[in-house]
file input.cif (mmCIF, C-alpha atoms and all ligand atoms)
data_coords
#
loop_
_atom_site.label_atom_id
_atom_site.label_comp_id
_atom_site.auth_asym_id
_atom_site.auth_seq_id
_atom_site.Cartn_x
_atom_site.Cartn_y
_atom_site.Cartn_z
CA MET A 1 -65.71 16.47 131.46
CA ASN A 2 -68.30 13.77 131.99
CA GLN A 3 -67.26 10.47 133.46
CA PHE A 4 -67.96 7.15 131.83
CA PRO A 5 -69.58 4.57 134.09
CA ILE A 6 -67.48 2.21 136.09
CA PRO A 7 -68.22 -1.47 135.53
CA ASN A 8 -70.76 -2.79 138.03
CA GLU A 9 -72.36 0.60 138.49
CA LYS A 10 -76.06 0.30 139.26
CA VAL A 11 -78.24 2.50 137.10
CA ILE A 12 -81.88 3.58 137.31
CA VAL A 13 -83.07 5.55 134.30
CA ALA A 14 -86.26 7.62 134.21
CA ASN A 15 -87.52 7.88 130.64
CA TRP A 16 -90.18 10.56 130.60
CA LYS A 17 -90.73 10.12 126.86
CA ASN A 18 -93.00 12.93 125.66
CA ASN A 19 -94.05 14.08 129.14
CA PRO A 20 -95.02 16.16 131.00
CA ALA A 21 -97.17 18.61 129.07
CA THR A 22 -95.55 21.87 130.16
CA LEU A 23 -92.13 23.20 131.07
CA ALA A 24 -93.44 24.27 134.48
CA GLU A 25 -94.57 20.71 135.25
CA ALA A 26 -91.25 19.38 133.98
CA LYS A 27 -89.31 21.70 136.28
CA THR A 28 -91.39 20.60 139.27
CA LEU A 29 -91.01 16.91 138.48
CA TYR A 30 -87.31 17.26 137.73
CA THR A 31 -86.58 19.14 140.93
CA ALA A 32 -88.47 16.55 142.99
CA GLU A 33 -86.77 13.61 141.30
CA ILE A 34 -83.34 15.18 141.71
CA ALA A 35 -84.10 15.49 145.43
CA ALA A 36 -85.14 11.81 145.51
CA ALA A 37 -81.96 10.81 143.66
CA GLN A 38 -79.78 12.77 146.05
CA LYS A 39 -80.91 10.51 148.89
CA TYR A 40 -79.09 7.63 147.19
CA PRO A 41 -75.79 9.08 145.98
CA ASP A 42 -74.25 5.67 145.23
CA LEU A 43 -77.03 4.81 142.86
CA LYS A 44 -76.60 6.24 139.37
CA THR A 45 -79.95 7.91 138.73
CA VAL A 46 -80.46 9.30 135.23
CA ILE A 47 -83.45 11.41 134.25
CA CYS A 48 -84.26 11.69 130.55
CA PRO A 49 -86.74 14.49 129.84
CA PRO A 50 -87.93 15.34 126.32
CA VAL A 51 -85.00 16.62 124.25
CA GLU A 52 -86.47 20.10 123.87
CA LEU A 53 -86.46 20.56 127.67
CA VAL A 54 -82.88 19.42 128.26
CA LYS A 55 -81.32 22.88 128.06
CA GLU A 56 -83.79 24.45 130.50
CA LEU A 57 -83.54 21.57 132.98
CA SER A 58 -79.73 21.52 132.82
CA GLU A 59 -79.85 24.92 134.48
CA ILE A 60 -81.46 23.29 137.53
CA ASP A 61 -79.00 20.38 137.70
CA ASN A 62 -77.06 18.29 135.23
CA LYS A 63 -75.58 15.66 137.50
CA HIS A 64 -78.48 13.32 136.73
CA LEU A 65 -79.32 14.58 133.28
CA GLY A 66 -79.90 12.22 130.39
CA SER A 67 -81.35 12.70 126.95
CA GLN A 68 -83.76 10.72 124.83
CA ASP A 69 -81.84 11.33 121.63
CA VAL A 70 -78.52 12.41 120.22
CA PHE A 71 -77.91 14.08 116.92
CA TRP A 72 -75.51 13.35 114.15
CA GLN A 73 -72.69 15.70 114.95
CA PRO A 74 -70.93 15.91 118.30
CA ASP A 75 -72.45 19.02 119.82
CA GLU A 76 -70.04 21.44 121.44
CA ASP A 77 -72.56 22.09 124.17
CA ASN A 78 -74.44 19.02 125.31
CA TYR A 79 -75.68 20.84 128.44
CA GLY A 80 -73.90 18.42 130.70
CA VAL A 81 -75.97 15.44 129.55
CA ARG A 82 -74.24 12.28 130.74
CA TYR A 83 -76.35 9.49 129.29
CA VAL A 84 -78.42 9.16 126.16
CA LEU A 85 -81.01 6.60 125.11
CA VAL A 86 -80.29 5.19 121.65
CA GLY A 87 -82.56 2.76 119.83
CA HIS A 88 -85.66 3.35 121.94
CA SER A 89 -88.84 2.16 120.24
CA ASP A 90 -90.08 5.77 119.98
CA ARG A 91 -87.12 6.38 117.66
CA ARG A 92 -87.03 3.01 115.91
CA TYR A 93 -90.77 3.00 115.22
CA PRO A 94 -92.11 6.58 115.44
CA ALA A 95 -95.82 7.20 114.89
CA VAL A 96 -94.95 9.64 112.11
CA GLY A 97 -91.99 9.67 109.74
CA GLU A 98 -89.10 7.35 109.28
CA GLY A 99 -87.55 5.60 112.25
CA ASP A 100 -83.90 5.18 113.16
CA SER A 101 -82.33 2.24 111.37
CA ASP A 102 -79.64 0.21 113.11
CA GLU A 103 -77.11 2.07 110.96
CA ILE A 104 -78.34 5.42 112.29
CA ILE A 105 -78.30 3.98 115.79
CA ASN A 106 -74.68 2.96 115.22
CA ALA A 107 -73.84 6.52 114.13
CA LYS A 108 -75.59 7.94 117.19
CA ILE A 109 -73.64 5.64 119.51
CA ARG A 110 -70.40 6.89 117.95
CA VAL A 111 -71.48 10.52 118.31
CA ALA A 112 -72.36 9.94 121.95
CA LEU A 113 -69.01 8.29 122.68
CA ALA A 114 -67.15 11.07 120.88
CA SER A 115 -69.07 13.57 123.03
CA LYS A 116 -68.19 11.67 126.24
CA VAL A 117 -71.84 10.81 126.78
CA VAL A 118 -72.75 7.23 127.74
CA PRO A 119 -75.06 5.63 125.16
CA ILE A 120 -77.75 3.33 126.54
CA LEU A 121 -78.55 1.05 123.61
CA LEU A 122 -82.05 -0.37 123.78
CA VAL A 123 -82.63 -3.64 121.99
CA GLY A 124 -85.61 -5.95 121.94
CA GLU A 125 -88.11 -7.65 119.72
CA LYS A 126 -91.16 -5.68 118.58
CA ASN A 127 -93.86 -8.32 118.99
CA LYS A 128 -94.07 -11.06 121.56
CA ASP A 129 -94.03 -13.81 118.96
CA ASP A 130 -91.12 -12.39 116.94
CA ASN A 131 -87.95 -14.46 116.81
CA ARG A 132 -86.16 -12.86 119.72
CA GLU A 133 -82.70 -14.22 119.01
CA LEU A 134 -82.84 -13.00 115.43
CA ALA A 135 -84.10 -9.58 116.49
CA LEU A 136 -81.47 -9.14 119.20
CA THR A 137 -78.47 -10.38 117.26
CA GLY A 138 -79.47 -8.31 114.21
CA GLN A 139 -79.87 -5.13 116.27
CA LEU A 140 -76.59 -5.76 118.08
CA SER A 141 -74.50 -6.65 115.06
CA ARG A 142 -75.64 -3.63 113.06
CA GLY A 143 -75.99 -1.22 115.97
CA LEU A 144 -72.55 -1.95 117.40
CA ALA A 145 -70.78 -2.54 114.08
CA GLY A 146 -67.14 -1.49 114.12
CA LEU A 147 -66.98 -0.63 117.81
CA SER A 148 -63.91 -1.80 119.70
CA SER A 149 -64.15 -3.72 122.98
CA ASP A 150 -62.98 -0.57 124.71
CA GLU A 151 -65.80 1.43 123.15
CA LEU A 152 -68.36 -1.25 123.96
CA GLY A 153 -67.17 -1.03 127.56
CA ARG A 154 -68.57 2.50 127.59
CA VAL A 155 -72.02 1.48 126.33
CA LEU A 156 -74.88 0.27 128.49
CA ILE A 157 -77.24 -2.25 126.94
CA CYS A 158 -80.88 -2.42 127.90
CA TYR A 159 -83.12 -5.30 126.94
CA GLU A 160 -86.47 -3.64 126.38
CA PRO A 161 -88.99 -5.71 124.40
CA VAL A 162 -91.28 -3.26 122.64
CA TRP A 163 -94.42 -5.27 123.47
CA ALA A 164 -93.68 -4.82 127.19
CA ILE A 165 -93.63 -1.01 127.08
CA SER A 166 -96.59 0.29 129.04
CA THR A 167 -97.90 2.58 126.31
CA ASN A 168 -98.62 -0.40 124.05
CA PRO A 169 -102.04 -1.99 124.23
CA ASP A 170 -101.99 -5.17 126.33
CA ALA A 171 -98.45 -4.50 127.54
CA THR A 172 -97.19 -6.70 130.36
CA PRO A 173 -93.72 -6.69 131.82
CA ASP A 174 -91.45 -9.46 130.66
CA THR A 175 -90.84 -12.11 133.28
CA PRO A 176 -87.47 -12.00 135.02
CA SER A 177 -86.62 -15.50 133.80
CA SER A 178 -87.38 -14.55 130.21
CA THR A 179 -85.32 -11.36 130.63
CA LEU A 180 -82.40 -13.47 131.83
CA GLU A 181 -82.73 -15.62 128.71
CA ALA A 182 -82.61 -12.48 126.56
CA ILE A 183 -79.55 -11.26 128.45
CA LYS A 184 -77.89 -14.61 127.83
CA ILE A 185 -78.55 -14.28 124.09
CA ILE A 186 -77.02 -10.79 124.17
CA GLY A 187 -74.07 -11.92 126.29
CA ASP A 188 -73.35 -14.93 124.07
CA PHE A 189 -73.41 -12.72 121.00
CA LEU A 190 -71.13 -10.09 122.50
CA SER A 191 -68.67 -12.61 123.88
CA ILE A 192 -68.02 -13.87 120.34
CA HIS A 193 -67.14 -10.38 119.12
CA TYR A 194 -65.66 -8.61 122.14
CA THR A 195 -63.39 -9.24 125.07
CA LEU A 196 -65.21 -7.89 128.09
CA SER A 197 -65.58 -9.38 131.52
CA THR A 198 -68.64 -7.50 132.76
CA ILE A 199 -71.37 -5.90 130.75
CA PRO A 200 -73.96 -3.95 132.70
CA TYR A 201 -77.33 -5.00 131.30
CA LEU A 202 -80.51 -3.15 132.11
CA TYR A 203 -84.13 -4.18 131.66
CA GLY A 204 -86.97 -1.94 130.51
CA GLY A 205 -90.71 -2.49 129.98
CA SER A 206 -93.47 -1.70 132.51
CA VAL A 207 -91.11 -1.53 135.48
CA ASP A 208 -92.61 -0.11 138.67
CA SER A 209 -92.25 -0.38 142.42
CA GLN A 210 -94.30 -3.59 142.45
CA ASN A 211 -92.04 -5.57 140.15
CA ILE A 212 -88.61 -3.91 140.28
CA ILE A 213 -87.18 -6.26 142.90
CA SER A 214 -88.09 -9.31 140.85
CA PHE A 215 -85.71 -8.02 138.16
CA LEU A 216 -82.97 -6.44 140.23
CA GLN A 217 -82.56 -9.41 142.53
CA HIS A 218 -80.72 -11.11 139.68
CA PRO A 219 -77.06 -10.07 139.63
CA GLU A 220 -77.02 -10.12 135.83
CA ILE A 221 -79.38 -7.11 135.83
CA PHE A 222 -77.58 -3.89 136.72
CA GLY A 223 -80.52 -1.55 136.49
CA VAL A 224 -83.75 -0.60 134.79
CA VAL A 225 -85.27 1.94 132.43
CA VAL A 226 -88.51 3.20 133.93
CA GLY A 227 -91.03 4.96 131.68
CA GLY A 228 -94.59 5.56 132.89
CA ALA A 229 -93.74 4.99 136.55
CA SER A 230 -91.07 7.70 136.42
CA LEU A 231 -93.73 10.37 135.86
CA ASP A 232 -94.97 9.97 139.42
CA VAL A 233 -92.40 11.26 141.87
CA VAL A 234 -93.64 9.11 144.76
CA GLU A 235 -93.54 5.99 142.64
CA PHE A 236 -90.13 6.84 141.25
CA GLY A 237 -88.84 7.60 144.74
CA ASP A 238 -90.06 4.15 145.80
CA VAL A 239 -88.25 2.56 142.87
CA LEU A 240 -85.01 4.26 143.92
CA GLY A 241 -85.50 3.36 147.57
CA LEU A 242 -86.18 -0.30 146.80
CA ALA A 243 -83.15 -0.56 144.50
CA SER A 244 -80.92 1.12 147.03
CA LYS A 245 -82.10 -1.17 149.80
CA LEU A 246 -81.70 -4.32 147.72
CA TRP A 247 -78.19 -3.39 146.62
CA ASN A 248 -77.27 -1.94 149.97
CA ILE A 249 -76.08 1.32 148.41
P1 LIG B 301 -92.59 1.88 130.50
O1 LIG B 301 -91.60 2.55 129.44
O2 LIG B 301 -91.81 1.71 131.77
O3 LIG B 301 -93.72 2.85 130.64
O4 LIG B 301 -93.00 0.57 129.94
C1 LIG B 301 -90.28 2.14 129.30
C2 LIG B 301 -89.65 2.82 128.14
O5 LIG B 301 -90.36 3.22 127.19
O6 LIG B 301 -88.41 2.99 128.11
#

call {"tool": "encode", "arguments": {"input": "input.cif", "output": "structure tokens"}}
result
Amino acid sequence: MNQFPIPNEKVIVANWKNNPATLAEAKTLYTAEIAAAQKYPDLKTVICPPVELVKELSEIDNKHLGSQDVFWQPDEDNYGVRYVLVGHSDRRYPAVGEGDSDEIINAKIRVALASKVVPILLVGEKNKDDNRELALTGQLSRGLAGLSSDELGRVLICYEPVWAISTNPDATPDTPSSTLEAIKIIGDFLSIHYTLSTIPYLYGGSVDSQNIISFLQHPEIFGVVVGGASLDVVEFGDVLGLASKLWNI
């Protein structure tokens, strides 16, 4: 059975999104990133390949395996996946077809919890000039609707403003101080509805080895979701090494 995270656990998530192009490349990248992760056993490293590759890659290793999506029914065989991204912008705002509403996101969080998989809920405003507080509180209230404090304690929350994601034109990472403001909005909202002492917040959006320390040096930030930079094993290895050194784990 998979283990839920302990509070205070430090988490680095690789979100490969739709990459790489072939299964062979994915196996090579996965094997190399597993080896990098094994150097830092006290760091929770999660690798999220495209959903269609999860089964194949689980045969290599599932200790670090995450998924980019979860489906509506608890699946008897989740291939040992331990974490799942829910509410990523690729799912909320897909290029084709209808995106996941907050209500669907809520259902996916429940399915993940019922399957003993840790949901990583991504929230964040779409455009830089959107009303951030409104966007965050709306996504949280609908996405987490009906969850108990105990259930929320098994969810990780990542602030990932969509405009900061590297695949968007003109993307720039959020500043750490602005990320802390967003985390405060999230924390204030959750403290009204839940009784929890520690919530492990992550940040996502153009994180790489150049800027990771500027985020992780703040104790409110328990980890990061790394997209583009996780496709380069040297870069991702650097991200893990820097996090491990900073946290002394
Ligand atoms: P990025 O992606 O690090 O390339 O900005 C993050 C994400 O999409 O989760």

call {"tool": "closest_residue", "arguments": {"input": "input.cif", "among": "A:Ser197, A:Asn8, A:Thr45, A:Asn15", "to": "ligand LIG 301 (chain B)", "atoms": "only C-alpha atoms and all ligand atoms"}}
result
A:Asn15

call {"tool": "closest_residue", "arguments": {"input": "input.cif", "among": "A:His88, A:Arg82, A:Lys39, A:Lys63", "to": "ligand LIG 301 (chain B)", "atoms": "all atoms listed in the file"}}
result
A:His88

call {"tool": "atom_distance", "arguments": {"input": "input.cif", "atom1": "atom CA of A:Asn19", "atom2": "atom CA of A:Tyr40"}}
result
24.3 Å

call {"tool": "closest_residue", "arguments": {"input": "input.cif", "among": "A:Glu9, A:Asp170, A:Glu181, A:Glu133", "to": "ligand LIG 301 (chain B)", "atoms": "only C-alpha atoms and all ligand atoms"}}
result
A:Asp170

call {"tool": "residues_near_ligand", "arguments": {"input": "input.cif", "ligand": "ligand LIG 301 (chain B)", "cutoff": "7 Å", "atoms": "all atoms listed in the file", "output": "list in words"}}
result
Asn15, Lys17, His88, Ala164, Ile165, Ser166, Thr167, Gly204, Gly205, Ser206, Val207, Val225, Val226, Gly227, Gly228 and Ala229 of chain A

call {"tool": "write_last_selection", "arguments": {"input": "input.cif", "atoms": "C-alpha atoms", "output": "mmCIF file, in the frame of the given file"}}
result
data_model
loop_
_atom_site.group_PDB
_atom_site.id
_atom_site.type_symbol
_atom_site.label_atom_id
_atom_site.label_comp_id
_atom_site.auth_asym_id
_atom_site.auth_seq_id
_atom_site.Cartn_x
_atom_site.Cartn_y
_atom_site.Cartn_z
ATOM 1 C CA ASN A 15 -87.520 7.880 130.640
ATOM 2 C CA LYS A 17 -90.730 10.120 126.860
ATOM 3 C CA HIS A 88 -85.660 3.350 121.940
ATOM 4 C CA ALA A 164 -93.680 -4.820 127.190
ATOM 5 C CA ILE A 165 -93.630 -1.010 127.080
ATOM 6 C CA SER A 166 -96.590 0.290 129.040
ATOM 7 C CA THR A 167 -97.900 2.580 126.310
ATOM 8 C CA GLY A 204 -86.970 -1.940 130.510
ATOM 9 C CA GLY A 205 -90.710 -2.490 129.980
ATOM 10 C CA SER A 206 -93.470 -1.700 132.510
ATOM 11 C CA VAL A 207 -91.110 -1.530 135.480
ATOM 12 C CA VAL A 225 -85.270 1.940 132.430
ATOM 13 C CA VAL A 226 -88.510 3.200 133.930
ATOM 14 C CA GLY A 227 -91.030 4.960 131.680
ATOM 15 C CA GLY A 228 -94.590 5.560 132.890
ATOM 16 C CA ALA A 229 -93.740 4.990 136.550
#

call {"tool": "atom_distance", "arguments": {"input": "input.cif", "atom1": "atom CA of A:Pro49", "atom2": "atom CA of A:Trp16"}}
result
5.3 Å

call {"tool": "residues_around", "arguments": {"input": "input.cif", "residues": "stretch 146-163 of chain A", "least_positions_apart": "3", "cutoff": "7 Å", "atoms": "all atoms listed in the file", "output": "ChimeraX atom specification"}}
result
/A:4-5,89,118-128,168,171,194-196,200-205

call {"tool": "closest_residue", "arguments": {"input": "input.cif", "among": "A:Pro41, A:Gly187, A:Asn18, A:Val46", "to": "A:Gly223", "atoms": "only C-alpha atoms"}}
result
A:Val46

call {"tool": "atom_distance", "arguments": {"input": "input.cif", "atom1": "atom CA of A:Thr137", "atom2": "atom CA of A:Ala182"}}
result
10.4 Å

call {"tool": "decode", "arguments": {"input": "input.cif", "residues": "stretch 116-137 of chain A", "atoms": "N, CA and C atoms", "output": "short mmCIF file (atom, residue, chain, number, x, y, z; two decimals), in the first residue's frame"}}
result
data_model
loop_
_atom_site.label_atom_id
_atom_site.label_comp_id
_atom_site.auth_asym_id
_atom_site.auth_seq_id
_atom_site.Cartn_x
_atom_site.Cartn_y
_atom_site.Cartn_z
N LYS A 116 -5.51 5.81 -2.44
CA LYS A 116 -4.28 5.96 -1.64
C LYS A 116 -3.14 6.59 -2.45
N VAL A 117 -3.53 7.49 -3.34
CA VAL A 117 -2.56 8.24 -4.13
C VAL A 117 -2.66 9.70 -3.65
N VAL A 118 -1.51 10.36 -3.50
CA VAL A 118 -1.52 11.73 -2.98
C VAL A 118 -1.84 12.71 -4.12
N PRO A 119 -2.95 13.45 -4.02
CA PRO A 119 -3.22 14.45 -5.05
C PRO A 119 -2.37 15.70 -4.81
N ILE A 120 -1.80 16.23 -5.88
CA ILE A 120 -1.11 17.52 -5.82
C ILE A 120 -2.02 18.49 -6.56
N LEU A 121 -2.73 19.30 -5.81
CA LEU A 121 -3.69 20.23 -6.43
C LEU A 121 -2.95 21.49 -6.86
N LEU A 122 -3.04 21.78 -8.15
CA LEU A 122 -2.40 23.00 -8.67
C LEU A 122 -3.44 24.10 -8.79
N VAL A 123 -3.14 25.23 -8.19
CA VAL A 123 -4.03 26.38 -8.28
C VAL A 123 -3.21 27.60 -8.69
N GLY A 124 -3.88 28.51 -9.37
CA GLY A 124 -3.17 29.73 -9.76
C GLY A 124 -3.96 30.48 -10.81
N GLU A 125 -3.74 31.78 -10.85
CA GLU A 125 -4.47 32.59 -11.81
C GLU A 125 -3.92 32.36 -13.22
N LYS A 126 -4.79 32.56 -14.22
CA LYS A 126 -4.39 32.27 -15.60
C LYS A 126 -3.52 33.39 -16.17
N ASN A 127 -3.95 34.61 -16.00
CA ASN A 127 -3.21 35.76 -16.55
C ASN A 127 -2.64 36.59 -15.41
N LYS A 128 -1.55 37.26 -15.72
CA LYS A 128 -0.86 38.01 -14.66
C LYS A 128 -1.75 39.08 -14.03
N ASP A 129 -2.63 39.67 -14.84
CA ASP A 129 -3.44 40.75 -14.26
C ASP A 129 -4.81 40.26 -13.77
N ASP A 130 -5.02 38.94 -13.72
CA ASP A 130 -6.27 38.44 -13.13
C ASP A 130 -6.28 38.75 -11.63
N ASN A 131 -7.47 38.77 -11.06
CA ASN A 131 -7.58 38.94 -9.61
C ASN A 131 -7.15 37.63 -8.94
N ARG A 132 -5.96 37.65 -8.37
CA ARG A 132 -5.39 36.41 -7.87
C ARG A 132 -6.18 35.84 -6.70
N GLU A 133 -6.59 36.70 -5.80
CA GLU A 133 -7.30 36.21 -4.62
C GLU A 133 -8.61 35.52 -5.03
N LEU A 134 -9.29 36.16 -5.97
CA LEU A 134 -10.55 35.58 -6.45
C LEU A 134 -10.31 34.24 -7.13
N ALA A 135 -9.28 34.19 -7.96
CA ALA A 135 -8.96 32.95 -8.67
C ALA A 135 -8.62 31.84 -7.67
N LEU A 136 -7.76 32.15 -6.72
CA LEU A 136 -7.31 31.12 -5.78
C LEU A 136 -8.43 30.64 -4.87
N THR A 137 -9.18 31.58 -4.31
CA THR A 137 -10.22 31.15 -3.37
C THR A 137 -11.34 30.40 -4.10
#
